[in-house]
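Student: Data file upload_13.cif (mmCIF, C-alpha atoms and all ligand atoms) is appended below.
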```cif
data_start
#
loop_
_atom_site.label_atom_id
_atom_site.label_comp_id
_atom_site.auth_asym_id
_atom_site.auth_seq_id
_atom_site.Cartn_x
_atom_site.Cartn_y
_atom_site.Cartn_z
CA MET A 1 8.52 341.08 -17.98
CA LEU A 2 9.13 341.50 -21.74
CA THR A 3 12.91 341.12 -21.19
CA PHE A 4 12.26 337.92 -19.19
CA ILE A 5 10.13 336.46 -22.04
CA VAL A 6 12.73 337.43 -24.67
CA ILE A 7 15.61 335.89 -22.67
CA ASN A 8 13.62 332.71 -22.07
CA SER A 9 12.71 332.44 -25.75
CA ILE A 10 16.35 332.87 -26.75
CA LEU A 11 17.46 330.20 -24.25
CA LEU A 12 14.77 327.85 -25.50
CA ALA A 13 15.81 328.43 -29.11
CA ILE A 14 19.47 327.74 -28.22
CA ALA A 15 18.51 324.53 -26.37
CA LEU A 16 16.47 323.39 -29.39
CA LEU A 17 19.33 324.19 -31.76
CA LEU A 18 21.73 322.18 -29.58
CA VAL A 19 19.40 319.17 -29.62
CA ILE A 20 19.00 319.40 -33.41
CA ALA A 21 22.75 319.92 -33.87
CA GLU A 22 23.51 316.89 -31.72
CA LYS A 23 21.07 314.77 -33.69
CA PHE A 24 22.17 315.77 -37.18
CA LEU A 25 25.64 317.24 -37.01
CA VAL A 26 27.52 315.57 -34.17
CA THR A 27 29.11 312.26 -35.09
CA TYR A 28 30.83 310.09 -32.56
CA GLY A 29 32.83 308.01 -35.04
CA GLU A 30 33.45 304.32 -34.61
CA CYS A 31 32.81 303.00 -31.09
CA SER A 32 32.69 299.54 -29.54
CA VAL A 33 29.88 298.06 -27.51
CA ILE A 34 31.47 295.29 -25.45
CA LEU A 35 29.05 292.70 -24.07
CA ASN A 36 29.94 290.57 -21.04
CA GLY A 37 33.63 291.08 -21.77
CA ASP A 38 33.62 288.64 -24.69
CA LYS A 39 31.54 290.04 -27.59
CA THR A 40 32.40 293.30 -29.30
CA PHE A 41 30.15 295.16 -31.72
CA ASN A 42 31.75 297.93 -33.73
CA VAL A 43 29.19 300.62 -34.38
CA MET A 44 29.01 304.21 -35.59
CA GLY A 45 28.17 306.00 -32.33
CA GLY A 46 25.12 308.15 -31.74
CA GLU A 47 22.37 305.65 -31.04
CA SER A 48 21.30 303.95 -27.84
CA VAL A 49 22.77 300.73 -26.46
CA LEU A 50 19.29 299.20 -26.91
CA ALA A 51 19.25 300.11 -30.62
CA TYR A 52 22.67 298.51 -31.19
CA LEU A 53 21.67 295.37 -29.31
CA ASN A 54 18.57 295.04 -31.50
CA GLN A 55 20.62 295.67 -34.64
CA HIS A 56 22.83 292.75 -33.57
CA LYS A 57 19.78 290.52 -32.95
CA LEU A 58 20.06 290.63 -29.20
CA PHE A 59 16.63 291.28 -27.77
CA ILE A 60 16.23 292.34 -24.16
CA PRO A 61 12.87 293.31 -22.61
CA SER A 62 11.91 296.79 -23.83
CA ALA A 63 8.12 296.94 -23.65
CA CYS A 64 7.80 300.69 -24.24
CA GLY A 65 10.01 300.56 -27.32
CA GLY A 66 12.72 302.86 -25.92
CA LYS A 67 10.59 305.66 -24.48
CA ALA A 68 11.90 305.27 -20.91
CA THR A 69 8.41 304.50 -19.64
CA CYS A 70 8.63 300.78 -18.82
CA GLY A 71 12.01 300.43 -17.08
CA PHE A 72 12.37 296.90 -18.48
CA CYS A 73 15.61 297.46 -20.43
CA LYS A 74 17.75 297.82 -17.30
CA LEU A 75 21.30 296.50 -17.60
CA LYS A 76 24.70 297.07 -16.05
CA VAL A 77 27.02 299.57 -17.73
CA LEU A 78 30.55 298.84 -16.54
CA SER A 79 32.16 301.81 -18.28
CA GLY A 80 31.62 304.44 -20.95
CA GLY A 81 27.92 305.17 -20.33
CA GLY A 82 28.28 308.71 -18.96
CA ASN A 83 26.00 310.02 -16.24
CA ILE A 84 22.54 308.67 -15.46
CA LEU A 85 19.76 310.80 -17.03
CA PRO A 86 16.73 312.21 -15.17
CA THR A 87 14.53 310.01 -17.40
CA GLU A 88 16.14 306.92 -15.84
CA GLU A 89 15.84 307.91 -12.20
CA VAL A 90 12.23 306.69 -11.88
CA TYR A 91 13.33 303.13 -12.64
CA VAL A 92 16.90 302.96 -11.38
CA THR A 93 17.26 303.21 -7.59
CA LYS A 94 20.18 305.11 -6.04
CA GLN A 95 21.76 301.79 -4.99
CA GLU A 96 21.36 300.33 -8.53
CA SER A 97 22.82 303.49 -9.99
CA LYS A 98 25.89 303.11 -7.75
CA GLU A 99 26.26 299.56 -9.05
CA GLY A 100 26.17 300.81 -12.65
CA TYR A 101 22.59 299.97 -13.66
CA ARG A 102 21.13 302.05 -16.47
CA LEU A 103 18.29 301.91 -18.98
CA ALA A 104 19.72 300.59 -22.24
CA CYS A 105 17.38 302.82 -24.25
CA GLN A 106 18.75 305.96 -22.54
CA VAL A 107 22.48 305.25 -22.77
CA LYS A 108 23.72 306.91 -25.93
CA VAL A 109 26.92 305.41 -27.32
CA LYS A 110 29.44 308.23 -27.67
CA LYS A 111 32.59 306.21 -26.94
CA ASP A 112 33.43 302.57 -26.13
CA VAL A 113 30.82 301.14 -23.77
CA ASN A 114 31.21 298.03 -21.64
CA ILE A 115 27.93 296.37 -20.66
CA TYR A 116 26.86 293.29 -18.72
CA ILE A 117 23.63 291.35 -19.38
CA PRO A 118 22.94 288.07 -17.53
CA GLU A 119 22.81 285.03 -19.86
CA TYR A 120 19.17 284.24 -19.03
CA LEU A 121 18.10 287.55 -20.55
CA LEU A 122 19.83 286.78 -23.83
CA GLY A 123 17.58 283.85 -24.82
CA ALA A 124 14.98 285.89 -26.72
CA GLN A 125 14.91 285.48 -30.48
CA GLU A 126 13.39 287.23 -33.46
CA TYR A 127 10.56 285.49 -35.31
CA GLU A 128 9.21 286.16 -38.77
CA SER A 129 5.53 285.35 -38.89
CA VAL A 130 2.38 285.84 -40.88
CA ALA A 131 -0.88 287.19 -39.49
CA SER A 132 -2.92 284.07 -40.20
CA GLU A 133 -6.13 285.02 -38.35
CA ILE A 134 -7.59 288.22 -36.91
CA ILE A 135 -10.90 287.91 -35.06
CA GLN A 136 -12.80 290.80 -33.46
CA LEU A 137 -13.85 289.73 -29.95
CA THR A 138 -15.49 292.92 -28.64
CA HIS A 139 -15.79 296.52 -29.90
CA ASP A 140 -12.16 297.19 -28.89
CA ILE A 141 -10.47 293.81 -28.48
CA ASN A 142 -9.30 291.37 -31.12
CA ILE A 143 -7.26 288.20 -31.20
CA LEU A 144 -4.41 287.89 -33.65
CA LYS A 145 -2.78 284.61 -34.61
CA LEU A 146 0.82 284.88 -35.77
CA LYS A 147 2.03 281.76 -37.55
CA ILE A 148 5.82 281.48 -37.42
CA LEU A 149 7.45 281.16 -40.84
CA GLY A 150 10.07 278.51 -41.58
CA ASP A 151 11.08 275.73 -39.22
CA LYS A 152 11.64 277.91 -36.16
CA LYS A 153 9.67 277.01 -33.03
CA ILE A 154 8.98 279.21 -30.03
CA LYS A 155 9.51 278.01 -26.48
CA PHE A 156 8.01 280.08 -23.67
CA LEU A 157 6.47 279.78 -20.23
CA PRO A 158 2.70 280.21 -19.90
CA GLY A 159 2.14 283.87 -18.96
CA GLN A 160 5.17 285.37 -20.76
CA TYR A 161 4.98 288.03 -23.45
CA VAL A 162 6.46 288.79 -26.87
CA GLN A 163 7.27 292.13 -28.49
CA PHE A 164 5.52 293.08 -31.72
CA LYS A 165 7.62 295.16 -34.15
CA ILE A 166 5.50 297.93 -35.61
CA PRO A 167 6.12 297.72 -39.38
CA GLY A 168 8.02 300.64 -40.88
CA THR A 169 9.41 301.68 -37.48
CA ASP A 170 12.01 300.48 -34.98
CA GLU A 171 9.35 300.45 -32.26
CA TYR A 172 8.13 297.43 -30.35
CA ARG A 173 5.15 296.86 -28.06
CA ALA A 174 4.69 294.06 -25.52
CA TYR A 175 1.80 291.58 -25.84
CA SER A 176 1.25 288.59 -23.59
CA VAL A 177 0.89 285.30 -25.41
CA ALA A 178 -2.70 284.07 -25.17
CA SER A 179 -2.11 280.59 -26.59
CA SER A 180 -0.65 277.59 -24.81
CA PRO A 181 3.12 277.00 -25.02
CA ASP A 182 2.21 273.54 -26.32
CA ASN A 183 1.66 275.29 -29.67
CA THR A 184 5.21 276.05 -30.72
CA ASP A 185 4.59 277.17 -34.31
CA TYR A 186 2.29 280.09 -33.59
CA VAL A 187 1.34 282.61 -30.91
CA GLU A 188 -2.03 284.21 -30.32
CA LEU A 189 -2.19 287.78 -28.99
CA ILE A 190 -5.23 289.55 -27.56
CA ILE A 191 -4.95 293.23 -28.41
CA ARG A 192 -7.05 296.09 -27.06
CA LEU A 193 -7.40 299.18 -29.21
CA VAL A 194 -5.88 302.15 -27.35
CA PRO A 195 -7.26 305.40 -28.83
CA GLY A 196 -4.36 307.20 -30.50
CA GLY A 197 -2.03 304.27 -29.79
CA LEU A 198 0.44 303.45 -32.55
CA CYS A 199 0.64 299.66 -32.40
CA SER A 200 -2.89 298.78 -31.31
CA THR A 201 -4.33 301.08 -34.00
CA TYR A 202 -2.08 299.40 -36.56
CA VAL A 203 -3.28 295.94 -35.52
CA HIS A 204 -6.96 296.94 -35.42
CA LYS A 205 -7.20 299.22 -38.44
CA VAL A 206 -4.37 298.38 -40.83
CA LEU A 207 -3.10 294.83 -40.41
CA GLU A 208 -4.71 292.25 -42.68
CA THR A 209 -4.42 288.48 -42.74
CA GLY A 210 -1.51 287.32 -44.87
CA GLU A 211 0.75 290.22 -43.87
CA LYS A 212 4.17 289.55 -42.40
CA VAL A 213 4.88 290.49 -38.79
CA ILE A 214 8.14 290.38 -36.87
CA PHE A 215 8.12 289.71 -33.16
CA THR A 216 10.74 288.99 -30.52
CA GLY A 217 10.63 287.05 -27.30
CA PRO A 218 9.83 285.42 -25.03
CA PHE A 219 10.16 287.84 -22.13
CA GLY A 220 8.90 288.40 -18.61
CA ASP A 221 8.75 287.00 -15.12
CA PHE A 222 4.96 286.71 -15.03
CA TYR A 223 4.54 283.00 -15.63
CA LEU A 224 3.01 279.94 -14.02
CA ARG A 225 4.96 278.73 -10.99
CA GLU A 226 5.13 274.94 -11.24
CA GLU A 227 7.30 274.21 -8.22
CA THR A 228 4.14 274.30 -6.10
CA ASP A 229 0.76 272.49 -6.25
CA THR A 230 -1.28 275.20 -4.49
CA ASP A 231 -4.71 276.27 -5.74
CA ILE A 232 -4.62 279.00 -8.39
CA VAL A 233 -6.52 282.29 -8.34
CA ALA A 234 -6.52 284.40 -11.48
CA ILE A 235 -8.07 287.86 -11.61
CA GLY A 236 -8.18 289.81 -14.82
CA GLY A 237 -9.94 292.24 -17.09
CA GLY A 238 -9.82 293.32 -20.74
CA ALA A 239 -6.77 292.16 -22.68
CA GLY A 240 -5.46 290.83 -19.35
CA MET A 241 -7.29 287.66 -20.43
CA ALA A 242 -4.24 286.79 -22.59
CA PRO A 243 -1.63 285.36 -20.18
CA ILE A 244 -4.29 283.69 -18.01
CA ARG A 245 -5.69 281.90 -21.07
CA SER A 246 -2.20 280.60 -21.87
CA ILE A 247 -1.81 279.33 -18.28
CA LEU A 248 -5.29 277.80 -18.36
CA TYR A 249 -4.79 275.80 -21.57
CA TYR A 250 -1.35 274.68 -20.46
CA LEU A 251 -2.85 273.27 -17.24
CA ALA A 252 -5.92 271.86 -19.03
CA SER A 253 -3.75 269.81 -21.39
CA ARG A 254 -2.09 268.35 -18.27
CA GLY A 255 -5.39 267.32 -16.67
CA MET A 256 -6.05 270.45 -14.52
CA LYS A 257 -4.82 268.82 -11.33
CA ARG A 258 -4.89 272.08 -9.31
CA LYS A 259 -8.03 273.99 -8.32
CA PHE A 260 -8.25 277.09 -10.52
CA TYR A 261 -10.59 280.06 -9.85
CA TYR A 262 -10.73 282.59 -12.66
CA PHE A 263 -12.41 285.94 -11.93
CA PHE A 264 -12.84 288.15 -15.00
CA GLY A 265 -14.20 291.69 -14.81
CA ALA A 266 -15.92 293.69 -17.53
CA ARG A 267 -17.91 296.92 -17.59
CA THR A 268 -20.82 295.60 -19.65
CA ALA A 269 -21.93 292.21 -20.98
CA GLN A 270 -20.66 293.31 -24.41
CA ASP A 271 -17.13 293.54 -23.01
CA LEU A 272 -17.05 289.85 -22.12
CA PHE A 273 -15.45 287.42 -24.55
CA PHE A 274 -14.53 283.72 -24.67
CA THR A 275 -17.39 283.05 -22.21
CA LYS A 276 -18.59 279.98 -24.13
CA GLU A 277 -15.05 278.67 -24.52
CA LEU A 278 -14.28 279.07 -20.82
CA LYS A 279 -17.60 277.51 -19.77
CA GLU A 280 -16.65 274.48 -21.91
CA VAL A 281 -13.35 274.15 -20.02
CA GLU A 282 -15.34 274.42 -16.78
CA LYS A 283 -17.60 271.54 -17.88
CA GLU A 284 -14.63 269.36 -18.76
CA PHE A 285 -12.58 270.08 -15.63
CA PRO A 286 -14.46 270.31 -12.30
CA ASN A 287 -11.34 271.85 -10.75
CA PHE A 288 -11.76 274.95 -12.94
CA LYS A 289 -14.26 277.67 -12.03
CA TYR A 290 -14.87 280.70 -14.27
CA ILE A 291 -16.57 283.64 -12.53
CA PRO A 292 -17.20 286.69 -14.72
CA ALA A 293 -18.41 289.90 -13.05
CA ILE A 294 -20.09 292.83 -14.76
CA GLN A 295 -20.18 296.36 -13.42
CA ASP A 296 -23.18 297.76 -15.31
CA PRO A 297 -25.49 295.02 -16.62
CA GLU A 298 -28.42 296.28 -18.67
CA PRO A 299 -31.93 294.73 -18.49
CA LYS A 300 -31.56 293.45 -22.07
CA ASP A 301 -28.50 291.40 -21.04
CA ASN A 302 -30.57 289.17 -18.70
CA TRP A 303 -27.36 288.89 -16.70
CA GLU A 304 -27.61 286.40 -13.87
CA GLY A 305 -23.95 286.33 -12.87
CA GLU A 306 -21.92 288.48 -10.48
CA VAL A 307 -22.57 292.22 -10.50
CA GLY A 308 -19.98 294.79 -9.43
CA PHE A 309 -16.20 294.88 -9.48
CA VAL A 310 -14.31 291.67 -10.17
CA THR A 311 -12.56 292.11 -6.82
CA GLN A 312 -15.94 291.97 -5.05
CA ALA A 313 -16.60 288.59 -6.69
CA ALA A 314 -13.17 287.37 -5.54
CA GLU A 315 -13.90 288.59 -2.01
CA LYS A 316 -17.19 286.68 -2.05
CA PHE A 317 -15.99 283.34 -3.46
CA LEU A 318 -12.50 282.84 -2.05
CA ASP A 319 -11.99 281.12 1.28
CA LYS A 320 -9.06 281.71 3.63
CA THR A 321 -8.15 278.09 4.13
CA SER A 322 -6.33 276.49 1.19
CA LYS A 323 -2.91 277.79 0.14
CA LYS A 324 -3.17 279.73 -3.11
CA THR A 325 -0.95 281.32 -5.75
CA ALA A 326 -2.43 284.31 -7.55
CA TYR A 327 -1.94 285.61 -11.09
CA LEU A 328 -3.37 289.05 -11.81
CA CYS A 329 -3.46 290.78 -15.15
CA GLY A 330 -5.30 293.94 -16.14
CA PRO A 331 -5.41 297.69 -15.53
CA PRO A 332 -3.32 299.01 -12.58
CA PRO A 333 -6.27 300.08 -10.34
CA MET A 334 -7.81 296.60 -10.68
CA ILE A 335 -4.52 294.92 -9.74
CA ASP A 336 -4.02 297.21 -6.73
CA ALA A 337 -7.55 296.46 -5.47
CA ALA A 338 -7.07 292.73 -6.08
CA VAL A 339 -3.82 292.66 -4.07
CA THR A 340 -5.70 294.16 -1.09
CA VAL A 341 -8.49 291.56 -1.34
CA LEU A 342 -6.03 288.69 -1.67
CA ALA A 343 -4.14 289.87 1.42
CA ARG A 344 -7.42 289.62 3.34
CA LYS A 345 -7.69 286.03 2.08
CA ASN A 346 -4.29 285.22 3.63
CA ILE A 347 -2.48 284.99 0.30
CA GLN A 348 1.13 285.97 0.89
CA PRO A 349 2.65 288.82 -1.17
CA GLU A 350 5.32 286.45 -2.56
CA ASP A 351 2.51 284.24 -3.91
CA ILE A 352 0.91 287.09 -5.86
CA HIS A 353 2.24 287.63 -9.40
CA TYR A 354 0.99 290.31 -11.75
CA ASP A 355 1.40 292.13 -15.04
CA LYS A 356 -0.16 295.61 -15.11
CA PHE A 357 -1.18 297.08 -18.48
C1 LIG A 401 4.35 293.05 -20.08
C2 LIG A 401 3.26 293.70 -20.91
C3 LIG A 401 2.32 292.90 -21.53
C4 LIG A 401 1.29 293.50 -22.27
N1 LIG A 401 0.35 292.69 -22.85
C5 LIG A 401 -0.68 293.25 -23.53
C6 LIG A 401 -1.72 292.42 -24.10
O1 LIG A 401 -1.70 291.18 -24.00
N2 LIG A 401 -2.71 293.05 -24.78
C7 LIG A 401 -2.77 294.43 -24.91
O2 LIG A 401 -3.71 294.93 -25.54
N3 LIG A 401 -1.79 295.22 -24.38
C8 LIG A 401 -0.76 294.66 -23.72
N4 LIG A 401 0.22 295.47 -23.20
C9 LIG A 401 0.19 296.93 -23.50
C10 LIG A 401 0.89 297.15 -24.88
O3 LIG A 401 2.26 296.83 -24.76
C11 LIG A 401 0.83 298.59 -25.39
O4 LIG A 401 1.27 299.46 -24.36
C12 LIG A 401 -0.57 299.01 -25.80
O5 LIG A 401 -1.06 298.16 -26.82
C13 LIG A 401 -0.54 300.47 -26.32
O6 LIG A 401 0.37 300.54 -27.38
P1 LIG A 401 0.11 301.51 -28.61
O7 LIG A 401 1.31 301.49 -29.46
O8 LIG A 401 -1.20 301.21 -29.24
O9 LIG A 401 -0.04 302.89 -27.89
P2 LIG A 401 1.14 304.06 -27.71
O10 LIG A 401 1.40 304.62 -29.08
O11 LIG A 401 2.24 303.45 -26.99
O12 LIG A 401 0.31 305.05 -26.89
C14 LIG A 401 -0.03 304.78 -25.53
C15 LIG A 401 -0.82 305.97 -24.99
O13 LIG A 401 -0.16 307.17 -25.24
C16 LIG A 401 -1.03 308.04 -25.97
N5 LIG A 401 -0.24 308.76 -26.99
C17 LIG A 401 0.40 308.21 -28.04
N6 LIG A 401 1.03 309.16 -28.75
C18 LIG A 401 0.77 310.34 -28.11
C19 LIG A 401 1.15 311.69 -28.34
N7 LIG A 401 1.91 312.03 -29.40
N8 LIG A 401 0.71 312.63 -27.49
C20 LIG A 401 -0.06 312.29 -26.43
N9 LIG A 401 -0.45 311.03 -26.16
C21 LIG A 401 -0.04 310.07 -26.99
C22 LIG A 401 -2.04 307.18 -26.64
O14 LIG A 401 -3.24 307.87 -26.88
C23 LIG A 401 -2.19 306.12 -25.64
O15 LIG A 401 -3.09 306.54 -24.64
C24 LIG A 401 1.24 294.91 -22.42
C25 LIG A 401 2.20 295.70 -21.81
C26 LIG A 401 3.19 295.12 -21.05
C27 LIG A 401 4.18 296.02 -20.38
S1 LIG A 402 12.50 301.95 -20.50
FE1 LIG A 402 11.25 300.88 -21.88
S2 LIG A 402 12.68 300.25 -23.37
FE2 LIG A 402 13.88 301.35 -22.01
#
```
Just give me the structure of the file as structure tokens.
Tutor:
Amino acid sequence: MLTFIVINSILLAIALLLVIAEKFLVTYGECSVILNGDKTFNVMGGESVLAYLNQHKLFIPSACGGKATCGFCKLKVLSGGGNILPTEEVYVTKQESKEGYRLACQVKVKKDVNIYIPEYLLGAQEYESVASEIIQLTHDINILKLKILGDKKIKFLPGQYVQFKIPGTDEYRAYSVASSPDNTDYVELIIRLVPGGLCSTYVHKVLETGEKVIFTGPFGDFYLREETDTDIVAIGGGAGMAPIRSILYYLASRGMKRKFYYFFGARTAQDLFFTKELKEVEKEFPNFKYIPAIQDPEPKDNWEGEVGFVTQAAEKFLDKTSKKTAYLCGPPPMIDAAVTVLARKNIQPEDIHYDKF
């Protein structure tokens, strides 16, 4: 037994030494990252393809900031990427792997690498902004307004997200834009404090108005589909309010021609926010209906609205007749439950769009 422990410890120590040696001692010299056959970046090897793209101001979706936990930074490596890593296998199917797909954050550049990224993914830009307003909405949610500096304007689709660069690091986190795309010189983000979370703690506890913030974007395929005039169903909770609010104000400024049911779930009355604002929109546009649901109302809340899960409210209010497109945003269990309810309401899977976070 003792021999087994000693051998294991030695092997572990060797593995650790190899990792440290690779990080600090191994140099790969000058390598080229060749993009779409026509752009070449000469780099000193050793970092990930994602890092070199960012250094050259090319921003592809990378919501987890390079930790191989979002799978968003998928691209095609035509040559020079080496073998796929176990960390990538969760996000890259066997078929995709055969076709050369990899996670850009996991492909370390050790020699010349040829990559392909479709043009539509290369539209994101970097914005320098100033935190012009920070308002606490609930005990763990705030709204942050980032005013873009200079003459640059941002163009995005309602529902898309941007990536916030955590100052002093090379890490980014994804936040859905909560303001309407009609406002092109600022974005508003609704940020929930995640205990122990790097970026959300920074925004809640450190960031002050007047400080500079860099963000990139826009990104994402969760956005309002305008090629249809179906009714809209939105179901959300927590910071999942953000993209739905952007969609709502975009439609409101165009006269709210489609019926729009918005179900928002919270645990207690104290977790609700923007109620007054949304009730105002409801008054102005009869097509819009805001239905908040609370799981645990307390007597002091005098709550007269829906009680229980937000999905129960959706089950109760939605009919099966009109054709609907659904937009869901919130924690994964809520989205999964909502998809089941919407299927019972005859909403087709291809008409259900969601962002889970
Ligand atoms: C498309 C998209 C849109 C999003 N939009 C929004 C939005 O509008 N609003 C919003 O609030 N969020 C949004 N998110 C989530 C957001 O991107 C971040 O994931 C979230 O804010 C947490 O980031 P963080 O840096 O605070 O936490 P992280 O530092 O990334 O930590 C995440 C978790 O890991 C734990 N952890 C961290 N470090 C350690 C460690 N060393 N050991 C063990 N555990 C650890 C933390 O406790 C936490 O539970 C979105 C995500 C996606 C993918
Ligand atoms: S998997 Fe998230 S950035 Fe690569």
Student: Around ligand LIG 402 (chain A), out to 9 Å and counting only C-alpha atoms and all ligand atoms, which residues are there? I want them as a list in words.
Tutor: Leu50, Ile60, Pro61, Ser62, Ala63, Cys64, Gly65, Gly66, Lys67, Ala68, Thr69, Cys70, Gly71, Phe72, Cys73, Lys74, Thr87, Glu88, Tyr91, Leu103, Ala104, Cys105, Gln106 and Tyr172 of chain A
Student: Kindly provide the residues of chain A that approach ligand LIG 401 (chain A) to within 7 Å, each paired with its closest atom pair and their distance in Å to one decimal, based on only C-alpha atoms and all ligand atoms, listed by chain and increasing number, as JSON lines.
Tutor:
```
{"residue": "A:Ala63", "atom": "CA", "partner": "A:LIG401", "partner_atom": "C27", "distance": 5.2}
{"residue": "A:Cys64", "atom": "CA", "partner": "A:LIG401", "partner_atom": "O4", "distance": 6.6}
{"residue": "A:Cys70", "atom": "CA", "partner": "A:LIG401", "partner_atom": "C27", "distance": 6.7}
{"residue": "A:Tyr161", "atom": "CA", "partner": "A:LIG401", "partner_atom": "C3", "distance": 5.9}
{"residue": "A:Arg173", "atom": "CA", "partner": "A:LIG401", "partner_atom": "O3", "distance": 4.4}
{"residue": "A:Ala174", "atom": "CA", "partner": "A:LIG401", "partner_atom": "O3", "distance": 3.8}
{"residue": "A:Tyr175", "atom": "CA", "partner": "A:LIG401", "partner_atom": "N1", "distance": 3.5}
{"residue": "A:Ser176", "atom": "CA", "partner": "A:LIG401", "partner_atom": "O1", "distance": 3.9}
{"residue": "A:Val177", "atom": "CA", "partner": "A:LIG401", "partner_atom": "O1", "distance": 6.6}
{"residue": "A:Leu189", "atom": "CA", "partner": "A:LIG401", "partner_atom": "O1", "distance": 6.1}
{"residue": "A:Ile190", "atom": "CA", "partner": "A:LIG401", "partner_atom": "N2", "distance": 5.1}
{"residue": "A:Ile191", "atom": "CA", "partner": "A:LIG401", "partner_atom": "O2", "distance": 3.6}
{"residue": "A:Arg192", "atom": "CA", "partner": "A:LIG401", "partner_atom": "O2", "distance": 3.8}
{"residue": "A:Leu193", "atom": "CA", "partner": "A:LIG401", "partner_atom": "O8", "distance": 6.5}
{"residue": "A:Val194", "atom": "CA", "partner": "A:LIG401", "partner_atom": "O8", "distance": 5.1}
{"residue": "A:Pro195", "atom": "CA", "partner": "A:LIG401", "partner_atom": "O14", "distance": 5.1}
{"residue": "A:Gly196", "atom": "CA", "partner": "A:LIG401", "partner_atom": "O14", "distance": 3.8}
{"residue": "A:Gly197", "atom": "CA", "partner": "A:LIG401", "partner_atom": "O9", "distance": 3.1}
{"residue": "A:Leu198", "atom": "CA", "partner": "A:LIG401", "partner_atom": "O7", "distance": 3.8}
{"residue": "A:Cys199", "atom": "CA", "partner": "A:LIG401", "partner_atom": "O7", "distance": 3.5}
{"residue": "A:Ser200", "atom": "CA", "partner": "A:LIG401", "partner_atom": "O8", "distance": 3.6}
{"residue": "A:Thr201", "atom": "CA", "partner": "A:LIG401", "partner_atom": "O8", "distance": 5.7}
{"residue": "A:Gly220", "atom": "CA", "partner": "A:LIG401", "partner_atom": "C1", "distance": 6.7}
{"residue": "A:Ala239", "atom": "CA", "partner": "A:LIG401", "partner_atom": "N2", "distance": 4.7}
{"residue": "A:Gly240", "atom": "CA", "partner": "A:LIG401", "partner_atom": "O1", "distance": 6.0}
{"residue": "A:Ala242", "atom": "CA", "partner": "A:LIG401", "partner_atom": "O1", "distance": 5.3}
{"residue": "A:Pro243", "atom": "CA", "partner": "A:LIG401", "partner_atom": "O1", "distance": 7.0}
{"residue": "A:Asp355", "atom": "CA", "partner": "A:LIG401", "partner_atom": "C1", "distance": 5.9}
{"residue": "A:Lys356", "atom": "CA", "partner": "A:LIG401", "partner_atom": "C26", "distance": 6.8}
{"residue": "A:Phe357", "atom": "CA", "partner": "A:LIG401", "partner_atom": "C25", "distance": 4.9}
```
Student: For Gln295 (chain A), work out the shell of residues within 8 Å, counting only C-alpha atoms and skipping chain neighbours fewer than 5 positions away, then give it as a PyMOL selection string.
Tutor: chain A and resi 265-268+307-309
Student: Between CA of Thr184 (chain A) and CA of Phe222 (chain A), what is the distance, to one decimal in Å?
Tutor: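 Computing it gives 19.0 Å between the two atoms.
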Student: Which polymer residues have any atom within 12 Å of an atom of Val33 (chain A), counting only C-alpha atoms, with same-chain residues fewer than 3 positions away left out, as a VMD selection string?
Tutor: chain A and resid 30 36 to 53 55 to 56 77 to 81 104 107 to 116
Student: Mind pulling up the distance from CA of Ile247 (chain A) to CA of Asp231 (chain A)?
Tutor: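 Between CA of Asp231 (chain A) and CA of Ile247 (chain A) the gap works out to 13.2 Å.
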Student: Measuring between all atoms listed in the file, which one of A:Ile294, A:Ile117, A:Ile235, A:Leu278 shows the shortest distance to Pro331 (chain A)?
Tutor: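 Among the listed residues, the smallest separation from Pro331 (chain A) belongs to A:Ile235.
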Student: Name all residues at most 12 Å from Phe288 (chain A) (count all atoms listed in the file; drop same-chain ones fewer than 6 positions away) and give them as a PyMOL selection string.
Tutor: chain A and resi 231-234+248-249+251-252+255-263+278-282
Student: What does the distance from CA of Ala178 (chain A) to CA of Arg245 (chain A) come to in Å, to one decimal?
Tutor: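 Computing the Euclidean distance for CA of Ala178 (chain A) and CA of Arg245 (chain A) yields 5.5 Å.
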Student: List every residue of region 253-315 of chain A that has an atom at most 7 Å from any atom of region 125-142 of chain A, and for each one report the closest atom pair and its distance in Å to one decimal, counting all atoms listed in the file, with rows sorted by chain and then by increasing residue number, as CSV.
Tutor:
```
residue,atom,partner,partner_atom,distance
A:Gln270,CA,A:Thr138,CA,6.7
A:Asp271,CA,A:Thr138,CA,5.9
A:Phe273,CA,A:Leu137,CA,6.1
```
Student: Kindly output region 260-265 of chain A as a CSV table (one decimal), in the coordinates of the input, after building N, CA and C atoms.
Tutor:
```
chain,number,residue,atom,x,y,z
A,260,PHE,N,-8.6,275.9,-9.8
A,260,PHE,CA,-8.2,277.1,-10.5
A,260,PHE,C,-9.5,278.0,-10.5
A,261,TYR,N,-9.5,279.1,-9.8
A,261,TYR,CA,-10.6,280.1,-9.8
A,261,TYR,C,-10.2,281.2,-10.7
A,262,TYR,N,-11.0,281.5,-11.8
A,262,TYR,CA,-10.7,282.6,-12.7
A,262,TYR,C,-11.8,283.7,-12.6
A,263,PHE,N,-11.5,284.8,-12.0
A,263,PHE,CA,-12.4,285.9,-11.9
A,263,PHE,C,-12.1,286.9,-13.1
A,264,PHE,N,-13.1,287.2,-13.9
A,264,PHE,CA,-12.8,288.2,-15.0
A,264,PHE,C,-13.8,289.3,-14.9
A,265,GLY,N,-13.3,290.5,-14.9
A,265,GLY,CA,-14.2,291.7,-14.8
A,265,GLY,C,-14.4,292.4,-16.1
```
